[in-house]
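J.: Structure file work-v1.csv, CSV, C-alpha atoms, is pasted below:
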chain,number,residue,atom,x,y,z
A,28,MET,CA,35.4,1.4,4.1
A,29,ARG,CA,33.5,0.6,7.3
A,30,ALA,CA,33.8,-2.9,8.8
A,31,LEU,CA,32.5,-4.5,12.0
A,32,ARG,CA,35.5,-6.3,13.5
A,33,LEU,CA,36.2,-8.5,16.4
A,34,PRO,CA,39.3,-7.1,18.0
A,35,ASP,CA,40.0,-10.0,20.4
A,36,TRP,CA,38.5,-13.0,22.1
A,37,LYS,CA,35.9,-12.1,24.8
A,38,SER,CA,35.3,-8.7,23.4
A,39,GLU,CA,32.6,-6.7,21.8
A,40,PRO,CA,32.9,-6.0,18.0
A,41,GLU,CA,33.9,-2.6,16.9
A,42,LEU,CA,32.9,-0.6,13.8
A,43,VAL,CA,36.1,0.8,12.3
A,44,GLU,CA,37.6,2.1,9.0
A,45,VAL,CA,39.7,-0.3,7.0
A,46,ASP,CA,41.2,-0.4,3.5
A,47,GLU,CA,38.9,-1.5,0.7
A,48,PRO,CA,40.2,-4.9,-0.6
A,49,THR,CA,41.7,-5.4,-4.0
A,50,PRO,CA,41.5,-8.8,-5.7
A,51,GLY,CA,44.7,-10.8,-6.6
A,52,PRO,CA,44.8,-13.5,-9.3
A,53,GLY,CA,41.9,-15.8,-9.1
A,54,GLN,CA,40.2,-13.7,-6.4
A,55,VAL,CA,36.8,-11.9,-6.3
A,56,VAL,CA,35.7,-8.8,-4.4
A,57,VAL,CA,32.0,-8.8,-3.5
A,58,LYS,CA,30.0,-5.7,-2.7
A,59,ILE,CA,28.0,-6.9,0.2
A,60,GLY,CA,24.2,-6.7,0.0
A,61,GLY,CA,23.5,-8.7,3.1
A,62,ALA,CA,25.5,-10.3,5.9
A,63,GLY,CA,23.8,-12.6,8.3
A,64,ALA,CA,24.4,-12.4,12.1
A,65,CYS,CA,24.8,-15.9,13.4
A,66,HIS,CA,24.4,-17.2,17.0
A,67,SER,CA,27.9,-18.8,16.6
A,68,ASP,CA,29.3,-15.3,16.4
A,69,LEU,CA,28.3,-14.9,20.1
A,70,HIS,CA,30.6,-17.8,21.0
A,71,LEU,CA,33.4,-16.0,19.2
A,72,MET,CA,32.7,-12.9,21.2
A,73,HIS,CA,32.0,-14.3,24.7
A,74,ASP,CA,33.2,-17.9,25.0
A,75,PHE,CA,36.3,-18.7,22.9
A,76,GLU,CA,39.8,-18.2,24.1
A,77,ALA,CA,43.2,-18.4,22.4
A,78,GLY,CA,43.8,-22.0,21.3
A,79,ALA,CA,40.1,-22.9,21.1
A,80,VAL,CA,40.3,-22.8,17.3
A,81,PRO,CA,43.4,-22.6,14.9
A,82,TRP,CA,43.0,-18.9,14.2
A,83,ASN,CA,42.6,-15.7,16.2
A,84,PRO,CA,41.2,-12.1,16.0
A,85,PRO,CA,41.3,-9.5,14.7
A,86,PHE,CA,39.0,-10.1,11.7
A,87,THR,CA,35.8,-8.7,10.2
A,88,LEU,CA,32.7,-10.7,11.3
A,89,GLY,CA,30.0,-12.1,9.0
A,90,HIS,CA,30.1,-15.6,7.6
A,91,GLU,CA,26.7,-15.5,5.8
A,92,ASN,CA,27.2,-13.3,2.8
A,93,ALA,CA,25.6,-12.3,-0.5
A,94,GLY,CA,25.9,-9.3,-2.7
A,95,TRP,CA,27.2,-8.4,-6.2
A,96,VAL,CA,30.5,-9.0,-7.9
A,97,HIS,CA,32.5,-5.8,-7.5
A,98,ALA,CA,35.9,-6.6,-9.0
A,99,LEU,CA,37.6,-9.7,-10.5
A,100,GLY,CA,41.2,-10.7,-10.2
A,101,ASP,CA,43.3,-11.9,-13.2
A,102,GLY,CA,42.2,-15.3,-14.6
A,103,VAL,CA,38.7,-15.3,-13.1
A,104,THR,CA,36.1,-16.5,-15.6
A,105,GLY,CA,32.4,-17.3,-15.4
A,106,LEU,CA,31.6,-14.2,-13.3
A,107,THR,CA,30.8,-10.7,-14.4
A,108,VAL,CA,30.9,-7.4,-12.5
A,109,GLY,CA,27.5,-6.5,-11.1
A,110,GLN,CA,26.3,-10.1,-11.0
A,111,PRO,CA,24.4,-11.1,-7.8
A,112,VAL,CA,26.1,-13.8,-5.9
A,113,ALA,CA,26.3,-15.7,-2.6
A,114,VAL,CA,29.6,-16.6,-0.9
A,115,TYR,CA,30.1,-20.2,0.1
A,116,GLY,CA,31.2,-20.0,3.8
A,117,PRO,CA,33.7,-22.8,4.7
A,118,TRP,CA,37.0,-22.3,2.8
A,119,GLY,CA,39.1,-25.5,2.4
A,120,CYS,CA,42.2,-26.3,0.4
A,121,GLY,CA,40.2,-27.0,-2.8
A,122,ASN,CA,42.3,-30.0,-3.7
A,123,CYS,CA,41.6,-32.8,-1.2
A,124,GLU,CA,39.0,-35.5,-1.8
A,125,ARG,CA,36.3,-33.7,0.2
A,126,CYS,CA,37.0,-30.3,-1.4
A,127,ARG,CA,36.9,-31.7,-4.9
A,128,VAL,CA,33.2,-32.7,-4.4
A,129,GLY,CA,32.4,-29.3,-2.9
A,130,ALA,CA,32.4,-30.4,0.8
A,131,GLU,CA,35.0,-27.8,1.9
A,132,SER,CA,33.5,-27.8,5.5
A,133,TYR,CA,35.2,-31.2,5.8
A,134,CYS,CA,38.5,-30.3,4.2
A,135,GLU,CA,41.1,-32.9,5.1
A,136,ASN,CA,44.1,-30.7,4.3
A,137,VAL,CA,43.4,-27.7,6.4
A,138,ALA,CA,47.1,-26.7,6.4
A,139,GLU,CA,46.6,-25.6,2.8
A,140,ALA,CA,43.3,-23.8,3.4
A,141,PRO,CA,43.1,-20.0,3.5
A,142,VAL,CA,42.5,-20.3,7.2
A,143,PRO,CA,42.5,-23.7,9.0
A,144,GLY,CA,38.9,-24.8,9.6
A,145,GLY,CA,37.4,-21.4,9.0
A,146,GLY,CA,36.6,-18.9,6.3
A,147,GLY,CA,35.4,-15.3,5.8
A,148,GLY,CA,34.1,-14.1,9.2
A,149,LEU,CA,35.8,-17.1,10.9
A,150,GLY,CA,39.5,-16.2,11.1
A,151,LEU,CA,39.6,-14.1,7.9
A,152,ASP,CA,37.6,-10.9,7.0
A,153,GLY,CA,33.9,-11.6,6.5
A,154,GLY,CA,31.0,-9.7,5.1
A,155,MET,CA,30.0,-7.2,7.7
A,156,ALA,CA,31.7,-4.5,5.7
A,157,GLU,CA,31.0,-2.7,2.4
A,158,TYR,CA,33.2,-5.1,0.5
A,159,MET,CA,34.6,-8.6,1.0
A,160,LEU,CA,37.5,-10.3,-0.5
A,161,VAL,CA,36.9,-14.0,-1.5
A,162,PRO,CA,40.2,-15.8,-2.1
A,163,TYR,CA,39.0,-18.2,-4.8
A,164,ALA,CA,36.3,-17.7,-7.4
A,165,ARG,CA,35.0,-21.3,-6.8
A,166,LEU,CA,33.6,-20.0,-3.5
A,167,VAL,CA,31.3,-17.5,-5.2
A,168,VAL,CA,27.9,-18.9,-6.3
A,169,PRO,CA,25.6,-17.0,-8.7
A,170,LEU,CA,22.2,-16.3,-7.3
A,171,PRO,CA,19.2,-17.7,-9.2
A,172,ASP,CA,16.6,-15.3,-10.6
A,173,GLY,CA,14.0,-14.2,-8.0
A,174,LEU,CA,16.4,-14.2,-5.0
A,175,ASP,CA,18.1,-11.0,-3.8
A,176,PRO,CA,21.2,-10.8,-1.6
A,177,VAL,CA,19.3,-9.9,1.6
A,178,GLN,CA,17.2,-13.0,1.2
A,179,ALA,CA,20.1,-15.1,0.1
A,180,ALA,CA,22.6,-14.2,2.9
A,181,PRO,CA,21.1,-16.3,5.7
A,182,LEU,CA,20.5,-19.2,3.4
A,183,THR,CA,24.3,-19.6,3.1
A,184,ASP,CA,24.4,-21.0,6.7
A,185,ALA,CA,21.0,-20.9,8.4
A,186,GLY,CA,19.6,-22.6,5.3
A,187,LEU,CA,22.6,-24.7,4.2
A,188,THR,CA,23.3,-26.1,7.6
A,189,PRO,CA,19.9,-27.6,8.3
A,190,TYR,CA,19.5,-28.6,4.6
A,191,HIS,CA,22.6,-30.7,4.8
A,192,ALA,CA,21.5,-32.3,8.1
A,193,ILE,CA,18.1,-33.1,6.6
A,194,ARG,CA,19.3,-34.2,3.2
A,195,ARG,CA,21.5,-36.9,4.7
A,196,SER,CA,18.3,-38.4,6.3
A,197,TRP,CA,16.0,-38.2,3.3
A,198,SER,CA,15.7,-42.0,3.0
A,199,LYS,CA,14.1,-42.0,6.5
A,200,LEU,CA,11.7,-39.2,5.9
A,201,GLY,CA,8.9,-40.9,3.9
A,202,PRO,CA,5.1,-40.3,4.2
A,203,THR,CA,4.7,-42.4,7.3
A,204,SER,CA,7.7,-40.9,9.1
A,205,THR,CA,8.0,-38.2,11.8
A,206,ALA,CA,10.7,-35.7,12.2
A,207,VAL,CA,11.3,-33.7,15.4
A,208,VAL,CA,12.9,-30.2,15.3
A,209,ILE,CA,14.3,-29.3,18.8
A,210,GLY,CA,14.8,-25.5,19.0
A,211,VAL,CA,12.8,-23.3,16.6
A,212,GLY,CA,15.3,-20.5,16.5
A,213,GLY,CA,17.4,-19.0,13.7
A,214,LEU,CA,18.3,-22.4,12.2
A,215,GLY,CA,15.4,-24.5,13.5
A,216,HIS,CA,12.6,-22.5,11.9
A,217,VAL,CA,14.4,-22.9,8.5
A,218,GLY,CA,14.8,-26.6,9.2
A,219,VAL,CA,11.0,-26.9,9.5
A,220,GLN,CA,10.5,-25.2,6.2
A,221,ILE,CA,13.1,-27.5,4.5
A,222,LEU,CA,11.5,-30.6,5.9
A,223,LYS,CA,8.1,-29.5,4.5
A,224,ALA,CA,9.6,-28.4,1.2
A,225,THR,CA,11.7,-31.5,0.5
A,226,THR,CA,10.0,-34.4,2.3
A,227,ALA,CA,6.6,-35.9,3.1
A,228,THR,CA,7.4,-36.4,6.8
A,229,ARG,CA,5.2,-35.2,9.7
A,230,VAL,CA,7.0,-32.4,11.6
A,231,ILE,CA,6.9,-31.9,15.3
A,232,ALA,CA,8.5,-28.7,16.6
A,233,VAL,CA,9.7,-28.5,20.2
A,234,ASP,CA,10.9,-25.4,22.1
A,235,THR,CA,10.8,-23.8,25.6
A,236,ARG,CA,9.2,-20.6,24.2
A,237,ALA,CA,5.6,-20.2,23.1
A,238,GLU,CA,6.6,-17.5,20.5
A,239,ALA,CA,9.1,-19.9,18.9
A,240,LEU,CA,6.4,-22.6,18.6
A,241,LYS,CA,4.2,-20.0,16.9
A,242,LEU,CA,6.9,-19.4,14.4
A,243,GLY,CA,7.2,-23.2,13.9
A,244,GLU,CA,3.5,-23.3,13.1
A,245,GLU,CA,3.9,-20.5,10.6
A,246,CYS,CA,6.7,-22.4,9.0
A,247,GLY,CA,4.6,-25.5,8.6
A,248,ALA,CA,5.0,-27.7,11.7
A,249,ASP,CA,2.2,-30.2,12.0
A,250,LEU,CA,2.4,-30.3,15.8
A,251,THR,CA,4.2,-28.2,18.4
A,252,MET,CA,5.2,-29.0,22.0
A,253,LEU,CA,6.5,-27.0,24.8
A,254,SER,CA,9.6,-28.7,26.1
A,255,GLY,CA,9.3,-30.3,29.5
A,256,ALA,CA,9.9,-33.4,31.6
A,257,ASP,CA,7.3,-35.4,29.6
A,258,THR,CA,8.1,-34.3,26.1
A,259,ALA,CA,9.7,-37.6,25.0
A,260,GLN,CA,6.7,-39.5,26.1
A,261,GLU,CA,4.4,-37.0,24.3
A,262,ILE,CA,6.4,-37.5,21.1
A,263,ARG,CA,6.0,-41.3,21.5
A,264,ARG,CA,2.3,-40.9,22.1
A,265,ALA,CA,1.9,-38.7,19.0
A,266,THR,CA,3.8,-41.4,16.9
A,267,GLY,CA,1.8,-44.4,18.1
A,268,GLY,CA,4.6,-45.4,20.6
A,269,ARG,CA,7.3,-45.7,17.9
A,270,GLY,CA,9.2,-42.4,18.3
A,271,ALA,CA,10.7,-40.0,15.8
A,272,ASP,CA,12.4,-41.4,12.7
A,273,VAL,CA,14.7,-38.3,12.6
A,274,VAL,CA,15.5,-35.9,15.5
A,275,LEU,CA,17.3,-32.7,14.6
A,276,ASP,CA,18.7,-30.9,17.7
A,277,PHE,CA,19.4,-27.3,16.9
A,278,VAL,CA,20.3,-26.5,20.6
A,279,GLY,CA,22.8,-29.2,21.7
A,280,VAL,CA,22.6,-28.9,25.5
A,281,ASP,CA,22.4,-31.8,27.9
A,282,THR,CA,18.6,-31.7,28.2
A,283,THR,CA,17.9,-31.5,24.5
A,284,LEU,CA,20.4,-34.3,23.7
A,285,ALA,CA,18.7,-36.5,26.3
A,286,LEU,CA,15.3,-35.6,24.8
A,287,GLY,CA,16.4,-36.6,21.3
A,288,ALA,CA,17.8,-39.9,22.4
A,289,ALA,CA,14.6,-40.7,24.4
A,290,ALA,CA,12.3,-39.7,21.6
A,291,ALA,CA,14.1,-41.4,18.7
A,292,ARG,CA,12.7,-44.5,16.9
A,293,THR,CA,14.7,-47.7,16.4
A,294,VAL,CA,16.9,-47.3,13.3
A,295,GLY,CA,16.4,-43.6,13.4
A,296,ASP,CA,18.7,-40.6,13.2
A,297,LEU,CA,19.7,-38.2,15.9
A,298,THR,CA,21.6,-35.3,14.3
A,299,ILE,CA,23.2,-32.7,16.6
A,300,VAL,CA,23.4,-29.3,14.8
A,301,GLY,CA,23.4,-26.9,17.8
A,302,ILE,CA,26.7,-26.2,19.5
A,303,GLY,CA,25.3,-25.7,23.0
A,304,GLY,CA,28.2,-27.7,24.6
A,305,GLY,CA,26.1,-30.6,25.9
A,306,THR,CA,27.1,-34.3,26.1
A,307,LEU,CA,25.2,-37.5,25.5
A,308,PRO,CA,26.5,-40.6,27.2
A,309,VAL,CA,26.1,-43.6,24.8
A,310,SER,CA,26.1,-47.2,25.8
A,311,TYR,CA,24.5,-50.4,24.5
A,312,PHE,CA,21.1,-49.9,26.3
A,313,SER,CA,21.1,-46.0,26.5
A,314,VAL,CA,19.6,-45.4,23.0
A,315,PRO,CA,17.2,-47.4,20.8
A,316,TYR,CA,18.7,-50.1,18.7
A,317,GLU,CA,20.5,-48.9,15.5
A,318,VAL,CA,19.9,-45.2,16.2
A,319,SER,CA,22.6,-43.3,14.4
A,320,ILE,CA,24.0,-40.2,16.2
A,321,GLN,CA,26.0,-37.7,14.3
A,322,THR,CA,27.1,-34.1,14.3
A,323,THR,CA,27.2,-31.9,11.2
A,324,TYR,CA,29.0,-28.8,10.2
A,325,TRP,CA,27.6,-26.5,7.5
A,326,GLY,CA,27.1,-28.2,4.1
A,327,SER,CA,28.6,-28.6,0.6
A,328,ARG,CA,28.7,-26.1,-2.3
A,329,PRO,CA,26.4,-28.2,-4.5
A,330,GLU,CA,23.9,-28.3,-1.6
A,331,LEU,CA,24.1,-24.5,-1.3
A,332,ILE,CA,23.1,-24.2,-5.0
A,333,GLU,CA,20.0,-26.4,-4.1
A,334,VAL,CA,19.2,-24.3,-1.1
A,335,LEU,CA,19.4,-21.1,-3.1
A,336,ASP,CA,17.0,-22.6,-5.7
A,337,LEU,CA,14.5,-23.4,-2.9
A,338,GLY,CA,14.8,-19.8,-1.7
A,339,ALA,CA,14.3,-18.4,-5.2
A,340,ARG,CA,11.1,-20.5,-5.6
A,341,GLY,CA,9.8,-19.2,-2.3
A,342,LEU,CA,9.8,-22.6,-0.6
A,343,VAL,CA,12.4,-21.6,2.0
A,344,ARG,CA,12.4,-18.1,3.4
A,345,PRO,CA,14.2,-17.4,6.7
A,346,LYS,CA,12.3,-14.9,8.8
A,347,ALA,CA,14.8,-12.0,9.0
A,348,SER,CA,15.1,-8.5,10.2
A,349,THR,CA,17.5,-6.1,8.6
A,350,PHE,CA,20.0,-3.8,10.5
A,351,SER,CA,22.6,-1.3,9.3
A,352,LEU,CA,26.3,-1.7,10.2
A,353,GLU,CA,25.8,0.9,13.0
A,354,GLU,CA,22.9,-1.3,14.4
A,355,ALA,CA,24.8,-4.6,14.1
A,356,VAL,CA,26.1,-4.7,17.7
A,357,GLY,CA,22.5,-4.1,18.9
A,358,ALA,CA,21.3,-7.0,16.7
A,359,TYR,CA,23.8,-9.3,18.4
A,360,ARG,CA,22.6,-8.1,21.8
A,361,LYS,CA,19.0,-8.9,20.8
A,362,MET,CA,20.2,-12.4,19.8
A,363,ARG,CA,22.1,-12.9,23.1
A,364,ASP,CA,19.0,-11.8,25.1
A,365,GLY,CA,16.7,-14.1,23.1
A,366,THR,CA,14.5,-11.2,21.8
A,367,LEU,CA,15.5,-11.6,18.1
A,368,GLU,CA,13.0,-13.7,16.2
A,369,GLY,CA,14.5,-15.6,13.2
A,370,ARG,CA,17.7,-14.1,11.7
A,371,ALA,CA,19.3,-10.7,11.6
A,372,VAL,CA,20.8,-9.5,8.3
A,373,VAL,CA,23.2,-6.6,8.3
A,374,VAL,CA,22.9,-4.4,5.2
A,375,PRO,CA,26.0,-2.1,4.9
Output the file's structure in the form of C-alpha cells.
T.:
Amino acid sequence: MRALRLPDWKSEPELVEVDEPTPGPGQVVVKIGGAGACHSDLHLMHDFEAGAVPWNPPFTLGHENAGWVHALGDGVTGLTVGQPVAVYGPWGCGNCERCRVGAESYCENVAEAPVPGGGGGLGLDGGMAEYMLVPYARLVVPLPDGLDPVQAAPLTDAGLTPYHAIRRSWSKLGPTSTAVVIGVGGLGHVGVQILKATTATRVIAVDTRAEALKLGEECGADLTMLSGADTAQEIRRATGGRGADVVLDFVGVDTTLALGAAAARTVGDLTIVGIGGGTLPVSYFSVPYEVSIQTTYWGSRPELIEVLDLGARGLVRPKASTFSLEEAVGAYRKMRDGTLEGRAVVVP
C-alpha cells in the first residue's frame, strides 16, 4: 500500500510503498477515510532533532484519523468490519490511573506504552496511508450517525484539543463571562465553535490576519480584533475594564503569551495550547491575582466521544480542504506558508 512517511528529522515526507498491516491479538486495522494534516507535523519535519522526543523516524505521518474497520485481531469484541470509526490519537499504557479514565495523553507509565509519549503518526505508523494498524481496540471509537470519516478526522485532534482546554474552564464561562481566542487557525477556529456550542460566554477572536478574523466571525465570534500593541487594552475596554475570564492561546509565542497575561481577569484562566516555543515570566505582580496558567496536551477518550457527538449534530465542523496522498506534501507546504485556511484532510 502507499504511505506518506517521514524518513528522518529535518526532512520532507516521502510517498512510498509499504506492506499492508495485519492485526495481531487485540488489534484493529482501519481503512483510512481521512487523515488530518496538523501544524505540529511541521515541527516534526523542520524543527525536531534526535533526542527531542523519546522516539525517532521513520514512521508514517498522520495522527488525526478516521475510517472504517478493515480487519480485527483475535479477541476483539464490540467492533464489526465495515463500521465507521475514529482513532483516539495518544496511546498510553492502558493501565495507569490516567489511562484507566481515558486520559492516555497523560499516561504516567510511558515505558509500557506502544511508543513513549506518542502514538500513530507520532513515532509509530499513522493514518496517511491506505490502512492503519491500531495496537489496542480501546483506541478505536465508533462514529455516531451523521458523521463521516472525512469530517471526523480533524475532530480527533483539532476538535479534541481545544475541547479539552475549554471544558476544564466551563465553570468560568457563564453568561456574563468573556473568552478570548488568540490565533484563529486550524485549532482556534474550532475553539470558537466549541465555545459557542457548549457555553454562554462572549467570544473575542484575536489574530494578526484579517482573513483569520473573518473565519472567526463565520464560526460565531462576537467580536474580532487585529492583534497589535494595544490589544490587551482593547480587550479590557470591551469587558468594562475587567479582562477576559478565559484566554486560550493557540499560538504560544512570546507576544501572544504576554497578551494573554495582560488581558486576563483576576481569578481567570490562561491556557496555552499552541506550541510556538514562547515563554511567560511569572512573578507575584506579573499577572492578575489568582490567574491560573496551564498547558494542555490533547484530551481524553471520553471527551473525544463528546466532540464526535457535537460534530454529528453539526455544532462543530472544522473548515477543511481535502487532498489526495499525492497532494499531501503540497498541503503541508500551504500550511507552512500560511495559505491554508482551516484544516487539511488527506483522503487516500
J.: Skipping near chain neighbours, those fewer than 6 positions away, what residues fall within 8 Å of range 155-162 of chain A using all atoms listed in the file, listed as a tab-separated table (two decimals) with C-alpha atoms, in the frame of the given file?
T.:
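The resulting out.tsv:
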chain	number	residue	atom	x	y	z
A	28	MET	CA	35.40	1.40	4.10
A	29	ARG	CA	33.50	0.60	7.30
A	30	ALA	CA	33.80	-2.90	8.80
A	31	LEU	CA	32.50	-4.50	12.00
A	47	GLU	CA	38.90	-1.50	0.70
A	48	PRO	CA	40.20	-4.90	-0.60
A	49	THR	CA	41.70	-5.40	-4.00
A	50	PRO	CA	41.50	-8.80	-5.70
A	53	GLY	CA	41.90	-15.80	-9.10
A	54	GLN	CA	40.20	-13.70	-6.40
A	55	VAL	CA	36.80	-11.90	-6.30
A	56	VAL	CA	35.70	-8.80	-4.40
A	57	VAL	CA	32.00	-8.80	-3.50
A	58	LYS	CA	30.00	-5.70	-2.70
A	59	ILE	CA	28.00	-6.90	0.20
A	62	ALA	CA	25.50	-10.30	5.90
A	87	THR	CA	35.80	-8.70	10.20
A	88	LEU	CA	32.70	-10.70	11.30
A	89	GLY	CA	30.00	-12.10	9.00
A	114	VAL	CA	29.60	-16.60	-0.90
A	141	PRO	CA	43.10	-20.00	3.50
A	147	GLY	CA	35.40	-15.30	5.80
A	352	LEU	CA	26.30	-1.70	10.20
A	373	VAL	CA	23.20	-6.60	8.30
A	375	PRO	CA	26.00	-2.10	4.90
J.: Report, in Å with one decimal, the straight-line distance from CA of Gly341 in chain A to CA of Gly213 in chain A.
T.: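 Between CA of Gly341 in chain A and CA of Gly213 in chain A the gap works out to 17.7 Å.
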J.: I'd like a table as CSV: residues in range 237-282 of chain A with an atom no more than 6 Å from range 287-292 of chain A, each row giving the shortest atom pair and its distance in Å to one decimal, only C-alpha atoms counted, sorted by chain and rising residue number.
T.:
residue,atom,partner,partner_atom,distance
A:Ala259,CA,A:Ala290,CA,4.8
A:Arg269,CA,A:Arg292,CA,5.6
A:Gly270,CA,A:Arg292,CA,4.3
A:Ala271,CA,A:Ala291,CA,4.7
A:Asp272,CA,A:Arg292,CA,5.2
A:Val274,CA,A:Gly287,CA,5.9
J.: Can you work out which one of A:Gly326, A:Gly116, A:Gly279, A:Gly212 has the shortest atom-to-atom distance to Glu368 in chain A, counting all atoms listed in the file?
T.: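 Counting all atoms listed in the file, the residue closest to Glu368 in chain A is A:Gly212.
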J.: To one decimal place in Å, what is the distance between CA of Glu91 in chain A and CA of Glu244 in chain A?
T.: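 About the pair CA of Glu91 in chain A and CA of Glu244 in chain A: they are 25.5 Å apart.
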J.: Nearest to Arg127 in chain A: which of A:Leu286, A:Arg165, A:Gly268, A:Asp184 is it, counting only C-alpha atoms?
T.: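 Going through A:Leu286, A:Arg165, A:Gly268, A:Asp184 one by one, the smallest distance to Arg127 in chain A is for A:Arg165.
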J.: Quick one: residues within 9 Å of Pro117 in chain A, all atoms listed in the file, excluding same-chain residues fewer than 6 positions away - as a list in words?
T.: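 Counting all atoms listed in the file, the residues come to His90, Ala130, Glu131, Ser132, Tyr133, Cys134, Gly144, Gly145, Gly146, Gly147, Leu149, Leu166, Trp325, Gly326 and Ser327 of chain A.
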J.: Selected residues, C-alpha atoms, written as a JSON list (two decimals), in the frame of the given file, please.
T.:
[["chain", "number", "residue", "atom", "x", "y", "z"],
["A", 90, "HIS", "CA", 30.10, -15.60, 7.60],
["A", 130, "ALA", "CA", 32.40, -30.40, 0.80],
["A", 131, "GLU", "CA", 35.00, -27.80, 1.90],
["A", 132, "SER", "CA", 33.50, -27.80, 5.50],
["A", 133, "TYR", "CA", 35.20, -31.20, 5.80],
["A", 134, "CYS", "CA", 38.50, -30.30, 4.20],
["A", 144, "GLY", "CA", 38.90, -24.80, 9.60],
["A", 145, "GLY", "CA", 37.40, -21.40, 9.00],
["A", 146, "GLY", "CA", 36.60, -18.90, 6.30],
["A", 147, "GLY", "CA", 35.40, -15.30, 5.80],
["A", 149, "LEU", "CA", 35.80, -17.10, 10.90],
["A", 166, "LEU", "CA", 33.60, -20.00, -3.50],
["A", 325, "TRP", "CA", 27.60, -26.50, 7.50],
["A", 326, "GLY", "CA", 27.10, -28.20, 4.10],
["A", 327, "SER", "CA", 28.60, -28.60, 0.60]]
J.: Please determine, counting only C-alpha atoms, which residue among A:Tyr190, A:Phe75, A:Tyr115, A:Tyr359 has the shortest atom-to-atom distance to Ala93 in chain A.
T.: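 Of the candidates, the smallest distance to Ala93 in chain A is held by A:Tyr115.
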J.: Nearest to Glu238 in chain A: which of A:Leu367, A:Val217, A:Val318, A:Ala77 is it, counting all atoms listed in the file?
T.: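 That would be A:Leu367, the residue with the smallest distance to Glu238 in chain A.
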J.: Return the single residue from A:Ile299, A:Val294, A:Val374, A:Leu170 that is closest to Leu106 in chain A, with distances computed using only C-alpha atoms.
T.: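 Of the candidates, the smallest distance to Leu106 in chain A is held by A:Leu170.
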